[in-house]
Structure formats: structure tokens, C-alpha cells
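Student: Input structure: my_file-v5.csv, which contains CSV, C-alpha atoms.
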chain,number,residue,atom,x,y,z
A,57,MET,CA,-30.1,-19.4,30.0
A,58,SER,CA,-33.3,-18.3,31.6
A,59,THR,CA,-35.0,-15.2,30.0
A,60,ARG,CA,-32.6,-15.4,27.1
A,61,THR,CA,-32.9,-16.4,23.5
A,62,PRO,CA,-32.7,-20.2,23.3
A,63,PRO,CA,-29.6,-21.7,21.7
A,64,ALA,CA,-29.7,-22.4,18.0
A,65,SER,CA,-30.5,-26.1,18.0
A,66,GLU,CA,-21.5,-24.7,28.9
A,67,GLY,CA,9.0,-22.8,56.9
A,68,ALA,CA,11.3,-20.9,58.7
A,69,PRO,CA,14.6,-20.0,57.0
A,70,ALA,CA,17.3,-22.6,57.2
A,71,LEU,CA,20.1,-21.6,59.6
A,72,VAL,CA,23.5,-20.8,58.0
A,73,PRO,CA,26.2,-22.8,59.8
A,74,ALA,CA,28.2,-20.6,62.0
A,75,PRO,CA,32.0,-20.4,61.6
A,76,PRO,CA,33.9,-22.7,63.8
A,77,SER,CA,34.5,-21.2,67.2
A,78,ALA,CA,38.0,-19.8,67.8
A,79,PRO,CA,40.4,-22.2,69.4
A,80,THR,CA,41.4,-21.6,73.1
A,81,ARG,CA,44.4,-19.3,73.3
A,82,PRO,CA,47.5,-20.9,74.9
A,83,ARG,CA,48.9,-19.5,78.1
A,84,SER,CA,51.9,-18.1,76.4
A,85,ALA,CA,51.3,-16.1,73.2
A,86,PRO,CA,52.8,-17.5,70.0
A,87,PRO,CA,55.1,-15.5,68.0
A,88,PRO,CA,53.6,-12.8,65.7
A,89,GLY,CA,54.2,-15.0,62.6
A,90,ALA,CA,52.3,-17.9,64.1
A,91,ARG,CA,49.4,-15.5,64.9
A,92,ALA,CA,49.1,-14.5,61.3
A,93,VAL,CA,49.0,-18.2,60.1
A,94,VAL,CA,46.3,-19.1,62.6
A,95,ALA,CA,44.1,-16.1,61.5
A,96,ALA,CA,44.4,-17.0,57.9
A,97,VAL,CA,43.4,-20.6,58.6
A,98,LEU,CA,40.3,-19.4,60.6
A,99,VAL,CA,39.2,-17.1,57.8
A,100,ALA,CA,39.5,-19.9,55.2
A,101,LEU,CA,37.5,-22.3,57.3
A,102,ALA,CA,34.7,-19.8,57.9
A,103,GLY,CA,34.4,-19.0,54.2
A,104,THR,CA,34.2,-22.7,53.3
A,105,ALA,CA,31.4,-23.3,55.8
A,106,LEU,CA,29.4,-20.4,54.4
A,107,LEU,CA,29.8,-21.5,50.9
A,108,ASN,CA,28.8,-25.1,51.6
A,109,GLY,CA,25.9,-24.3,53.9
A,110,PRO,CA,22.3,-24.5,52.4
A,111,PRO,CA,20.6,-21.3,51.3
A,112,PRO,CA,17.8,-19.9,53.4
A,113,ALA,CA,14.4,-21.4,52.6
A,114,THR,CA,11.8,-19.1,51.1
A,115,ALA,CA,8.6,-18.9,53.2
A,116,ARG,CA,5.6,-19.8,51.1
A,117,THR,CA,2.1,-18.7,52.0
A,118,ALA,CA,-0.2,-21.6,53.0
A,119,PRO,CA,-2.9,-22.3,50.5
A,120,GLU,CA,-6.3,-21.0,51.2
A,121,SER,CA,-8.4,-23.6,53.0
A,122,ALA,CA,-11.8,-24.6,51.6
A,123,ALA,CA,-14.9,-23.4,53.5
A,124,GLY,CA,-18.1,-25.4,53.9
A,125,PRO,CA,-19.0,-29.1,53.5
A,126,GLU,CA,-17.5,-31.4,51.0
A,127,SER,CA,-18.6,-31.4,47.4
A,128,ALA,CA,-21.1,-34.0,46.3
A,129,ALA,CA,-18.4,-35.6,44.2
A,130,GLY,CA,-16.3,-36.3,47.2
A,131,PRO,CA,-14.1,-34.4,49.7
A,132,GLU,CA,-12.0,-31.6,48.4
A,133,SER,CA,-8.4,-32.5,47.8
A,134,ALA,CA,-6.0,-31.2,50.4
A,135,THR,CA,-3.3,-30.8,47.8
A,136,THR,CA,-2.4,-27.6,46.0
A,137,ARG,CA,-2.1,-26.8,42.4
A,138,SER,CA,0.1,-24.4,40.5
A,139,LEU,CA,-1.7,-21.8,38.5
A,140,THR,CA,-2.3,-23.0,35.0
A,141,PRO,CA,-0.1,-21.1,32.6
A,142,SER,CA,-2.0,-18.9,30.3
A,143,GLY,CA,-0.4,-20.5,27.3
A,144,SER,CA,-1.8,-23.9,28.0
A,145,THR,CA,-4.8,-25.2,26.1
A,146,ALA,CA,-7.9,-26.5,27.8
A,147,PRO,CA,-7.6,-29.2,30.5
A,148,GLY,CA,-7.3,-32.7,29.1
A,149,SER,CA,-6.8,-31.6,25.5
A,150,THR,CA,-4.3,-33.3,23.4
A,151,ALA,CA,-1.2,-31.7,21.9
A,152,PRO,CA,-1.9,-29.6,18.8
A,153,ASP,CA,-1.9,-31.4,15.5
A,154,PRO,CA,1.4,-30.6,13.8
A,155,THR,CA,-0.5,-30.3,10.5
A,156,ALA,CA,-2.8,-27.7,11.9
A,157,PRO,CA,-2.5,-24.1,10.6
A,158,ASP,CA,-0.2,-21.8,12.5
A,159,PRO,CA,-2.4,-20.5,15.4
A,160,THR,CA,-0.4,-17.2,15.5
A,161,ALA,CA,-1.2,-16.5,12.0
A,162,ALA,CA,-4.9,-17.4,12.4
A,163,ASP,CA,-5.2,-15.5,15.8
A,164,PRO,CA,-7.2,-12.3,15.3
A,165,THR,CA,-5.4,-10.6,18.2
A,166,ALA,CA,-2.1,-10.9,16.4
A,167,ALA,CA,-3.0,-7.8,14.3
A,168,ASP,CA,-4.2,-5.9,17.4
A,169,PRO,CA,-1.5,-3.5,18.6
A,170,THR,CA,-3.2,-3.4,22.0
A,171,ALA,CA,-3.1,-7.1,22.5
A,172,PRO,CA,-0.8,-8.6,25.2
A,173,ASP,CA,2.0,-10.8,23.8
A,174,SER,CA,0.3,-14.3,23.9
A,175,THR,CA,3.3,-16.0,22.3
A,176,SER,CA,5.5,-15.4,25.4
A,177,ALA,CA,6.3,-18.2,27.8
A,178,ASP,CA,3.7,-16.8,30.3
A,179,SER,CA,1.3,-14.0,29.4
A,180,THR,CA,-0.3,-14.0,32.8
A,181,THR,CA,2.3,-11.8,34.4
A,182,PRO,CA,1.1,-8.6,35.9
A,183,GLY,CA,2.8,-6.6,33.1
A,184,SER,CA,0.7,-8.3,30.4
A,185,THR,CA,-2.5,-6.4,31.3
A,186,THR,CA,-3.6,-3.0,30.2
A,187,PRO,CA,-3.0,-0.1,32.8
A,188,ASP,CA,-6.7,0.5,33.4
A,189,SER,CA,-7.2,-3.1,34.7
A,190,ALA,CA,-4.7,-2.8,37.6
A,191,THR,CA,-6.1,-3.9,40.9
A,192,PRO,CA,-4.8,-4.0,44.5
A,193,ASP,CA,-4.7,-7.8,44.2
A,194,SER,CA,-2.8,-7.9,41.0
A,195,ALA,CA,-0.1,-10.3,42.3
A,196,THR,CA,-0.9,-13.9,41.5
A,197,PRO,CA,-0.2,-16.4,44.3
A,198,ASP,CA,2.4,-19.0,43.6
A,199,LEU,CA,0.1,-21.8,44.8
A,200,LEU,CA,-3.6,-22.1,44.8
A,201,ALA,CA,-5.9,-24.6,46.5
A,202,ALA,CA,-7.2,-27.4,44.3
A,203,PRO,CA,-10.5,-26.6,42.7
A,204,VAL,CA,-13.7,-28.2,44.1
A,205,HIS,CA,-15.6,-30.4,41.6
A,206,PHE,CA,-19.2,-31.5,41.5
A,207,ALA,CA,-20.8,-34.2,39.3
A,208,GLY,CA,-24.6,-34.3,39.1
A,209,LYS,CA,-27.5,-32.1,38.1
A,210,ALA,CA,-27.6,-28.3,38.3
A,211,PHE,CA,-30.1,-25.6,37.5
A,212,ASP,CA,-29.7,-21.9,36.7
A,213,THR,CA,-32.4,-19.2,36.9
A,214,CYS,CA,-32.3,-15.5,36.1
A,215,GLU,CA,-32.5,-14.2,39.6
A,216,ALA,CA,-31.1,-15.9,42.7
A,217,PRO,CA,-34.0,-17.4,44.6
A,218,SER,CA,-34.6,-16.6,48.3
A,219,LEU,CA,-33.0,-18.8,50.9
A,220,THR,CA,-36.5,-20.1,51.8
A,221,VAL,CA,-36.9,-21.3,48.2
A,222,MET,CA,-33.4,-22.8,48.2
A,223,LYS,CA,-34.3,-24.7,51.4
A,224,ALA,CA,-37.5,-26.0,49.8
A,225,TRP,CA,-35.6,-27.1,46.7
A,226,LEU,CA,-33.4,-29.4,48.8
A,227,ALA,CA,-36.1,-31.9,47.8
A,228,SER,CA,-35.1,-31.5,44.1
A,229,PRO,CA,-32.7,-33.7,42.2
A,230,TYR,CA,-30.4,-30.7,41.8
A,231,GLY,CA,-27.2,-30.2,43.7
A,232,ALA,CA,-25.8,-27.1,42.1
A,233,VAL,CA,-27.2,-23.7,41.1
A,234,GLY,CA,-26.0,-21.1,38.6
A,235,ILE,CA,-25.9,-17.5,40.0
A,236,TYR,CA,-25.6,-14.4,37.8
A,237,PHE,CA,-23.1,-12.5,40.0
A,238,GLY,CA,-22.0,-9.7,37.6
A,239,GLY,CA,-21.7,-8.2,34.2
A,240,ARG,CA,-23.5,-5.4,32.4
A,241,GLY,CA,-25.4,-7.8,30.2
A,242,ARG,CA,-27.3,-9.6,32.9
A,243,GLY,CA,-31.0,-10.1,32.2
A,244,CYS,CA,-31.7,-9.7,35.9
A,245,PRO,CA,-29.2,-7.1,37.1
A,246,VAL,CA,-30.7,-6.2,40.5
A,247,GLN,CA,-30.2,-9.7,42.3
A,248,LYS,CA,-31.6,-8.4,45.6
A,249,GLU,CA,-31.1,-11.8,47.2
A,250,LEU,CA,-27.5,-12.3,46.1
A,251,THR,CA,-25.3,-11.2,49.0
A,252,PRO,CA,-22.3,-12.7,50.9
A,253,SER,CA,-24.9,-14.0,53.5
A,254,TRP,CA,-26.9,-15.7,50.7
A,255,VAL,CA,-23.7,-17.3,49.3
A,256,ALA,CA,-22.5,-18.6,52.7
A,257,SER,CA,-26.0,-19.8,53.6
A,258,ALA,CA,-26.8,-21.6,50.4
A,259,HIS,CA,-23.3,-23.3,50.5
A,260,ALA,CA,-23.9,-24.3,54.1
A,261,MET,CA,-27.2,-26.0,53.0
A,262,GLY,CA,-25.1,-28.1,50.7
A,263,TRP,CA,-25.7,-26.3,47.4
A,264,ARG,CA,-22.8,-26.0,45.0
A,265,LEU,CA,-22.5,-22.6,43.2
A,266,LEU,CA,-21.7,-21.9,39.5
A,267,PRO,CA,-20.9,-18.1,39.2
A,268,LEU,CA,-21.9,-16.7,35.9
A,269,PHE,CA,-20.7,-13.3,34.5
A,270,VAL,CA,-22.7,-11.8,31.7
A,271,GLY,CA,-20.6,-9.0,30.3
A,272,SER,CA,-20.2,-7.6,26.8
A,273,GLN,CA,-21.5,-9.7,24.0
A,274,ALA,CA,-20.6,-10.6,20.4
A,275,PRO,CA,-21.3,-7.7,18.0
A,276,CYS,CA,-23.5,-10.0,16.0
A,277,VAL,CA,-25.3,-11.5,19.0
A,278,ASP,CA,-28.7,-13.0,18.0
A,279,SER,CA,-30.7,-11.4,20.8
A,280,LEU,CA,-31.7,-7.9,19.9
A,281,ALA,CA,-31.9,-7.0,23.7
A,282,LYS,CA,-28.2,-7.9,24.0
A,283,ARG,CA,-26.9,-5.8,21.1
A,284,LYS,CA,-26.6,-2.7,23.3
A,285,TYR,CA,-23.9,-4.6,25.2
A,286,ALA,CA,-21.8,-5.4,22.1
A,287,ILE,CA,-18.0,-5.6,22.4
A,288,GLY,CA,-16.4,-2.4,21.2
A,289,SER,CA,-13.5,-1.5,19.0
A,290,THR,CA,-10.8,-2.5,21.6
A,291,PRO,CA,-11.8,-6.1,22.6
A,292,VAL,CA,-8.5,-6.9,24.3
A,293,THR,CA,-8.7,-3.8,26.6
A,294,GLN,CA,-12.3,-4.4,27.2
A,295,GLY,CA,-12.0,-8.1,28.0
A,296,THR,CA,-9.1,-7.4,30.4
A,297,LYS,CA,-11.1,-4.8,32.3
A,298,GLU,CA,-14.2,-7.0,32.5
A,299,GLY,CA,-12.1,-9.9,33.7
A,300,GLY,CA,-10.9,-7.7,36.6
A,301,ASP,CA,-14.5,-6.6,37.3
A,302,ALA,CA,-15.6,-10.3,37.5
A,303,VAL,CA,-12.9,-11.1,40.1
A,304,ARG,CA,-13.8,-8.1,42.2
A,305,ALA,CA,-17.5,-9.0,42.2
A,306,ALA,CA,-16.8,-12.6,43.0
A,307,LYS,CA,-14.5,-11.7,46.0
A,308,ALA,CA,-17.2,-9.3,47.3
A,309,LEU,CA,-19.6,-12.2,47.6
A,310,GLY,CA,-17.1,-14.5,49.4
A,311,ILE,CA,-16.2,-16.6,46.3
A,312,GLY,CA,-12.5,-17.4,46.7
A,313,THR,CA,-9.6,-18.1,44.4
A,314,SER,CA,-9.5,-21.3,42.5
A,315,SER,CA,-13.2,-20.9,41.9
A,316,PRO,CA,-14.5,-21.0,38.3
A,317,LEU,CA,-16.0,-17.8,36.9
A,318,TYR,CA,-18.1,-18.6,33.8
A,319,LEU,CA,-18.2,-16.0,31.1
A,320,ASP,CA,-21.6,-16.0,29.4
A,321,ILE,CA,-21.5,-15.3,25.7
A,322,GLU,CA,-24.9,-15.7,24.1
A,323,ALA,CA,-25.5,-17.2,20.7
A,324,TYR,CA,-24.4,-15.2,17.7
A,325,GLN,CA,-24.5,-15.3,14.0
A,326,ARG,CA,-22.5,-18.1,12.3
A,327,GLY,CA,-20.3,-17.2,9.4
A,328,ASP,CA,-19.5,-13.7,10.4
A,329,THR,CA,-15.7,-14.0,10.7
A,330,ASN,CA,-15.1,-10.4,11.9
A,331,CYS,CA,-17.6,-10.8,14.6
A,332,ALA,CA,-16.2,-14.2,15.7
A,333,ALA,CA,-12.6,-12.7,15.7
A,334,THR,CA,-13.6,-9.8,17.9
A,335,THR,CA,-15.4,-12.1,20.3
A,336,LEU,CA,-12.4,-14.4,20.5
A,337,SER,CA,-10.1,-11.5,21.3
A,338,PHE,CA,-12.4,-10.4,24.1
A,339,VAL,CA,-12.8,-13.9,25.6
A,340,ARG,CA,-9.1,-14.6,25.5
A,341,ALA,CA,-8.3,-11.3,27.2
A,342,TRP,CA,-11.0,-12.0,29.9
A,343,ASN,CA,-9.5,-15.4,30.4
A,344,ARG,CA,-6.0,-14.1,30.9
A,345,GLU,CA,-7.0,-11.6,33.5
A,346,VAL,CA,-9.3,-14.0,35.5
A,347,ARG,CA,-6.5,-16.6,35.5
A,348,ARG,CA,-3.9,-14.1,36.4
A,349,LEU,CA,-5.9,-13.1,39.5
A,350,GLY,CA,-6.1,-16.7,40.7
A,351,TYR,CA,-9.5,-17.9,39.3
A,352,LEU,CA,-10.5,-20.4,36.6
A,353,PRO,CA,-11.9,-18.9,33.4
A,354,GLY,CA,-15.0,-20.9,32.3
A,355,PHE,CA,-17.1,-20.3,29.2
A,356,TYR,CA,-20.8,-20.6,28.5
A,357,SER,CA,-22.3,-20.4,25.0
A,358,SER,CA,-24.4,-22.1,22.4
A,359,ALA,CA,-22.9,-25.3,21.1
A,360,ASP,CA,-23.3,-24.2,17.5
A,361,THR,CA,-21.6,-20.8,17.8
A,362,GLY,CA,-19.3,-19.8,20.7
A,363,VAL,CA,-18.6,-23.4,21.7
A,364,ARG,CA,-17.9,-24.5,18.1
A,365,ASP,CA,-15.5,-21.6,17.6
A,366,MET,CA,-13.6,-22.3,20.9
A,367,GLU,CA,-13.2,-26.0,19.8
A,368,THR,CA,-11.8,-24.9,16.5
A,369,GLN,CA,-9.3,-22.7,18.3
A,370,ARG,CA,-8.4,-25.5,20.7
A,371,ARG,CA,-7.6,-27.8,17.8
A,372,ALA,CA,-5.4,-25.1,16.3
A,373,GLY,CA,-3.4,-24.8,19.5
A,374,THR,CA,-4.6,-21.2,20.3
A,375,LYS,CA,-3.6,-20.0,23.8
A,376,ASP,CA,-5.7,-18.4,26.5
A,377,LEU,CA,-8.8,-20.5,26.0
A,378,PRO,CA,-11.4,-21.3,28.7
A,379,GLU,CA,-10.6,-24.1,31.2
A,380,VAL,CA,-14.2,-25.3,31.6
A,381,MET,CA,-16.8,-25.6,28.8
A,382,TRP,CA,-20.5,-25.0,29.5
A,383,PHE,CA,-22.4,-25.7,26.3
A,384,ALA,CA,-26.0,-25.2,25.6
A,385,ARG,CA,-27.9,-27.6,23.3
A,386,TRP,CA,-31.6,-28.0,24.2
A,387,ARG,CA,-32.5,-31.5,23.2
A,388,GLY,CA,-34.2,-32.5,26.5
A,389,GLN,CA,-31.6,-35.1,27.5
A,390,PRO,CA,-28.0,-34.8,28.9
A,391,ALA,CA,-25.2,-35.5,26.5
A,392,LEU,CA,-22.3,-34.4,28.6
A,393,LEU,CA,-19.6,-36.5,26.9
A,394,THR,CA,-21.1,-36.9,23.5
A,395,GLU,CA,-21.6,-33.4,22.2
A,396,SER,CA,-21.0,-33.5,18.5
A,397,VAL,CA,-19.0,-30.2,18.1
A,398,LEU,CA,-16.5,-31.3,20.8
A,399,GLN,CA,-13.9,-34.0,20.3
A,400,PRO,CA,-14.2,-36.7,23.0
A,401,GLN,CA,-11.0,-35.6,24.8
A,402,ALA,CA,-11.8,-31.9,24.7
A,403,TRP,CA,-12.4,-30.3,28.1
A,404,THR,CA,-12.0,-33.5,30.1
A,405,PRO,CA,-11.8,-34.6,32.8
A,406,HIS,CA,-14.1,-32.6,35.1
A,407,ALA,CA,-14.4,-29.6,32.8
A,408,ARG,CA,-17.8,-29.9,31.1
A,409,ILE,CA,-21.4,-28.7,31.8
A,410,HIS,CA,-24.3,-29.4,29.4
A,411,GLN,CA,-27.3,-27.2,29.5
A,412,TYR,CA,-29.8,-29.6,28.0
A,413,SER,CA,-33.1,-27.9,28.5
A,414,GLY,CA,-34.3,-24.3,29.0
A,415,ASN,CA,-37.1,-22.2,30.2
A,416,VAL,CA,-38.9,-25.0,32.0
A,417,THR,CA,-40.9,-24.7,35.2
A,418,GLU,CA,-40.5,-27.1,38.2
A,419,THR,CA,-41.9,-27.2,41.7
A,420,TYR,CA,-40.3,-28.6,44.9
A,421,GLY,CA,-41.3,-28.1,48.5
A,422,GLY,CA,-44.2,-26.0,47.3
A,423,ARG,CA,-42.0,-23.5,45.6
A,424,THR,CA,-42.0,-23.0,41.8
A,425,LEU,CA,-39.1,-21.7,39.6
A,426,ALA,CA,-38.5,-21.2,35.9
A,427,ILE,CA,-35.1,-22.8,35.3
A,428,ASP,CA,-32.7,-24.2,32.8
A,429,ARG,CA,-31.5,-27.8,33.4
A,430,ASN,CA,-27.9,-28.8,33.4
A,431,ALA,CA,-25.8,-32.0,33.7
A,432,MET,CA,-22.2,-31.4,34.9
A,433,ASP,CA,-18.8,-32.7,36.0
A,434,ALA,CA,-17.0,-29.5,36.6
A,435,PRO,CA,-15.5,-27.1,39.1
A,436,VAL,CA,-17.8,-25.1,41.5
A,437,ALA,CA,-17.2,-22.1,43.7
A,438,ARG,CA,-14.9,-22.2,46.8
A,439,VAL,CA,-16.9,-20.2,49.3
A,440,THR,CA,-14.8,-18.1,51.7
A,441,ALA,CA,-17.6,-15.9,53.2
A,442,PRO,CA,-17.5,-15.8,57.0
A,443,ALA,CA,-19.2,-18.8,58.6
A,444,ARG,CA,-21.3,-16.4,60.8
A,445,PHE,CA,-23.3,-15.5,57.7
A,446,ALA,CA,-24.7,-19.0,57.5
A,447,ALA,CA,-25.4,-19.5,61.2
A,448,ARG,CA,-29.2,-19.1,60.7
A,449,VAL,CA,-29.5,-21.8,58.2
A,450,PRO,CA,-29.1,-25.3,59.7
A,451,VAL,CA,-28.1,-28.2,57.4
A,452,PRO,CA,-30.6,-31.1,57.5
A,453,LEU,CA,-28.9,-34.3,58.5
A,454,SER,CA,-30.7,-36.2,55.8
A,455,PHE,CA,-29.4,-33.8,53.1
A,456,VAL,CA,-25.8,-35.1,53.0
A,457,ALA,CA,-26.9,-38.4,51.6
A,458,SER,CA,-29.7,-37.1,49.4
A,459,ARG,CA,-27.4,-34.7,47.4
A,460,ARG,CA,-25.2,-37.5,46.1
A,461,PRO,CA,-25.6,-37.7,42.4
Show me the file's structure as C-alpha cells.
Tutor:
Amino acid sequence: MSTRTPPASEGAPALVPAPPSAPTRPRSAPPPGARAVVAAVLVALAGTALLNGPPPATARTAPESAAGPESAAGPESATTRSLTPSGSTAPGSTAPDPTAPDPTAADPTAADPTAPDSTSADSTTPGSTTPDSATPDSATPDLLAAPVHFAGKAFDTCEAPSLTVMKAWLASPYGAVGIYFGGRGRGCPVQKELTPSWVASAHAMGWRLLPLFVGSQAPCVDSLAKRKYAIGSTPVTQGTKEGGDAVRAAKALGIGTSSPLYLDIEAYQRGDTNCAATTLSFVRAWNREVRRLGYLPGFYSSADTGVRDMETQRRAGTKDLPEVMWFARWRGQPALLTESVLQPQAWTPHARIHQYSGNVTETYGGRTLAIDRNAMDAPVARVTAPARFAARVPVPLSFVASRRP
């Protein structure tokens, strides 16, 4: 992405029926034996009613409602979705090939004693994380709102532009923007414009947001400037911690659950198996924590390194992989569904972004930016920042039609 090394060539409880009311007592009391018989019958009837009555219904928290206008790909679905199990493979992927090698045997985290048990039925339970990653919001909601998708063009730039620039760029062909919201490896760590007010305001204009987290990088990352952020000797613990960091940073900006958070792993050296294994362990741990906390783990990398390695793991049936793939291959033209390193069914539908050109300069409304160009059909942020933050930025009436892809 911008300022980086170019890629080498992504109800109420149910009521329990009450016992039948006691029969009216006759004027003359029955003999003591008859009284005992009547009492026994009443007890039996009450017990039967309690056993046959329906159990109390469990109250379920209502799903979080979406804020802001509809996505350019259509209105947000009012349905809810269950949190994807951590053991599932990427959306739209086929069942693993029975002839493929045993993913557990090939999994580099299998030998890591600190790694959570990814072979269990669901490794996203709170107990699967390391102690230092515990957060106040560690309980995963039973239901989450459906993700919001956008199909069209997007751009990303190193530092979030001012709202004045974002308004001027309404004249551009882009409908979504990548924002570098967290991570120790960001090229532009200050981000003075990026506040909850900016997020709410840009969203109110109609922009769809792609939150990018640039954390620790592969030990063999190509960029010399990124090597000081290399993943350490405990990639699982580190990935889990940074996944929690990403969720906290997103929430602080008003980016709600069911939003994608895209982990940026820059291009790294091909053929270094130890480096690739360490990186995979880190990414899988990050994915598990982000998913456990109610967000969608996405992944950005070069098509020829990080993306290629994730596809290899997907074919092998490895768990805890990203749910959305953002791949970089700078050939000047979008190839969203025809990327050579991805099988056609991989990360479909609505789970791909192609960064097809980088470090280009464009001007709209008299404002110039250095950007990377992207084509996408993928989830975007669900903005939950208070509406009052966006009150100063009116939405042009002509914008709704102009943003359709």
C-alpha cells in the first residue's frame, strides 16, 4: 500500500402453567381418609402440569443495528448471522481434498506448546486465548448483525485525508477508502485526522471504510524499514495480543462488531519455510482473537507471498484462516476473480479485494492524493459512532446515485 515496498509482481420468559385451582370445599367435611385421597390427587395433577409445561424462553440480546446509509451494493440485510466458527475455512471455499496432506501435521503451530488447541470443535471460546489478551469484552455475542458489503472501486492512502478532501473526492469513481487505524508497523502512525468524528462524518457522506491494521511483520519481510517490527519468538501469544489491540482500536473509532479488520502483512521472501511458518502462526492467532471478539478477520498481502501461502493452507484444510482476502498485484487492471494464485471458488462470494495499482497520484475537486487503487466485492465497516459527530457534514442529494458502482 502507499509508502510501502510494492508487491513482488487483498422475549419474555414463557409462563409455567399454574397448578389447577383447589376444588370448592363441600359444606360438610369429608372423612379424614377422603381428605388424604383428594390431597394426593391434587399433588399428582400439579406435578404433571409442571412437567408438561414449556421451559422458560431464554432472552436474547437484539443484534446491533447498522448506522448510516445503505452500502453501495444495496441495503444492509436485516437478518443476523451466527459467528463463524474458528475452525471453518474461508467463506465459499470447498471441502478439503481428502487426498491433501494432513493439515495438523503440516501446521507449524502444532509444535508450539503455547498455541491454542485449533483441533477442538471451537477454538474461539474465551479460554482459548492467552492470559495477557483478556479484555473486558471477552464474551462473544451469540448473534451478530450481518456484515455490510460493497462492490466497486476503493482507494487507500497512508494517512486519512481531511474531511474537506473526502468531500472533494465525492467526484471520484471511488466509493470506499482504506484507513490505517492501528498497529505498530504503520507507515503513518500519527493519523491526526482519524477520529470517531472523522469516521462518522466520512460514513455519513457515503464513503465505505476498510479498516487496516499494520502490526508485526514476517521476520523475512522484504522492506528493510519493516524489519524492526518482525514477529518474535512467540507468534501465537503475539498474534493473540495484537488481535485484541486491533479490536480495541476499532471500537474506539466507532467501528462496530461484524466489521472486517484487515491485517496487513507486507511482502516477504519466498522459500523461507521457517519465516512462513512463524507468520502463519501469528496470522492464525490474530484471526482467532478478532473473530472471538465479534469481528471479521481479513488479510492483506502480496499475491506472490502471503496470499499464495494462505491459499496453500486453505487447500490443505487449515483452520483459522482469514475470512476476506485482499491481494496486491500491480498490473494496472482489476482482476478480482481471475487471480492466478487463487482457485476460482476461493474467498467467494463477497470476500475479495484486488489492489491492482499503487503509488499513483489522482486529483478530484481540486484536491490531490497519492493512492493505491483497488477493486472490491467485500465487507466494509459497520459504523456505530454517535450520529452527532456527523451533523456538520451534509450528504449531497446527488451523491446517492453517483456512488453506485
Student: Counting only C-alpha atoms, which of A:Met432, A:Ala202, A:Ala232, A:Ala426 gets nearest to His259 of chain A?
Tutor: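 Under the stated criterion, the closest residue is A:Ala232.
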Student: Pick out the closest residue to Gly300 of chain A from this set: A:Ile287, A:Ala341, A:Ala333, A:Val270. Count only C-alpha atoms.
Tutor: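 Closest to Gly300 of chain A of all the choices is A:Ala341.
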Student: Smallest atom-to-atom distance to His406 of chain A: which of A:Gly373, A:Gly299, A:Gly312, A:Pro435, using only C-alpha atoms?
Tutor: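 Answer, going by the shortest atom-to-atom distance: A:Pro435.
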Student: Report as an NGL selection string all protein, DNA and RNA residues lying within 12 Å of Lys284 of chain A, evaluated on all atoms listed in the file, omitting residues in the same chain fewer than 6 positions from it.
Tutor: :A and (240-242 or 271-278)
Student: Just give me the gap between atom CA of Glu215 of chain A and atom CA of Pro267 of chain A in Å, one decimal is fine.
Tutor: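 Interatomic distance, atom CA of Glu215 of chain A to atom CA of Pro267 of chain A: 12.2 Å.
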Student: Which residues, written as a list of chain:residue names, have at least one atom at most 8 Å from Leu392 of chain A, with all atoms listed in the file counted and residues fewer than 6 positions away on the same chain left out?
Tutor: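 These residues fall inside the cut-off: A:Arg408, A:Ile409, A:His410, A:Ala431, A:Met432.
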Student: Using Å and a single decimal, report how far atom CA of Trp386 of chain A sits from atom CA of Tyr412 of chain A.
Tutor: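 Separation between atom CA of Tyr412 of chain A and atom CA of Trp386 of chain A: 4.5 Å.
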Student: Need the shell around Thr335 of chain A: protein/DNA/RNA residues with any atom at most 12 Å away, counting all atoms listed in the file. Skip same-chain ones fewer than 5 positions apart. Format as a ChimeraX atom specification?
Tutor: /A:163-165,271-277,286-292,294-295,319-325,328-330,340-342,357,361-363,365-366
Student: At most 10 Å from (-11.7, -21.0, 36.3), file frame, all atoms listed in the file: which residues, as a list in words?
Tutor: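 Looking at atoms near the point gives Thr140, Pro203, Thr313, Ser314, Ser315, Pro316, Leu317, Tyr318, Leu319, Asn343, Val346, Arg347, Gly350, Tyr351, Leu352, Pro353, Gly354, Phe355, Pro378, Glu379, Val380, Ala407, Pro435, Val436 and Ala437 of chain A.
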Student: In Å, how far is it from atom CA of Thr440 of chain A to atom CA of Ala302 of chain A?
Tutor: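 Atom CA of Ala302 of chain A lies at a distance of 16.2 Å from atom CA of Thr440 of chain A.
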Student: With all atoms listed in the file as the atoms that count, which of A:Thr251, A:Gln411, A:Gln399, A:Ser257 lies nearest to Phe237 of chain A?
Tutor: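 Closest residue, counting all atoms listed in the file: A:Thr251.
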Student: From the list A:Gly310, A:Glu395, A:Gln389, A:Cys331, which residue is nearest Gly414 of chain A when using all atoms listed in the file?
Tutor: A:Gln389
Student: Quick one: residues within 6 Å of (-25.3, -14.4, 37.1) (file frame), counting all atoms listed in the file, please, as an mmCIF file with C-alpha atoms, in the coordinates of the input.
Tutor:
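Dumped to part.cif:
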data_model
loop_
_atom_site.group_PDB
_atom_site.id
_atom_site.type_symbol
_atom_site.label_atom_id
_atom_site.label_comp_id
_atom_site.auth_asym_id
_atom_site.auth_seq_id
_atom_site.Cartn_x
_atom_site.Cartn_y
_atom_site.Cartn_z
ATOM 1 C CA ILE A 235 -25.900 -17.500 40.000
ATOM 2 C CA TYR A 236 -25.600 -14.400 37.800
ATOM 3 C CA PHE A 237 -23.100 -12.500 40.000
ATOM 4 C CA GLY A 238 -22.000 -9.700 37.600
ATOM 5 C CA LEU A 268 -21.900 -16.700 35.900
ATOM 6 C CA PHE A 269 -20.700 -13.300 34.500
#
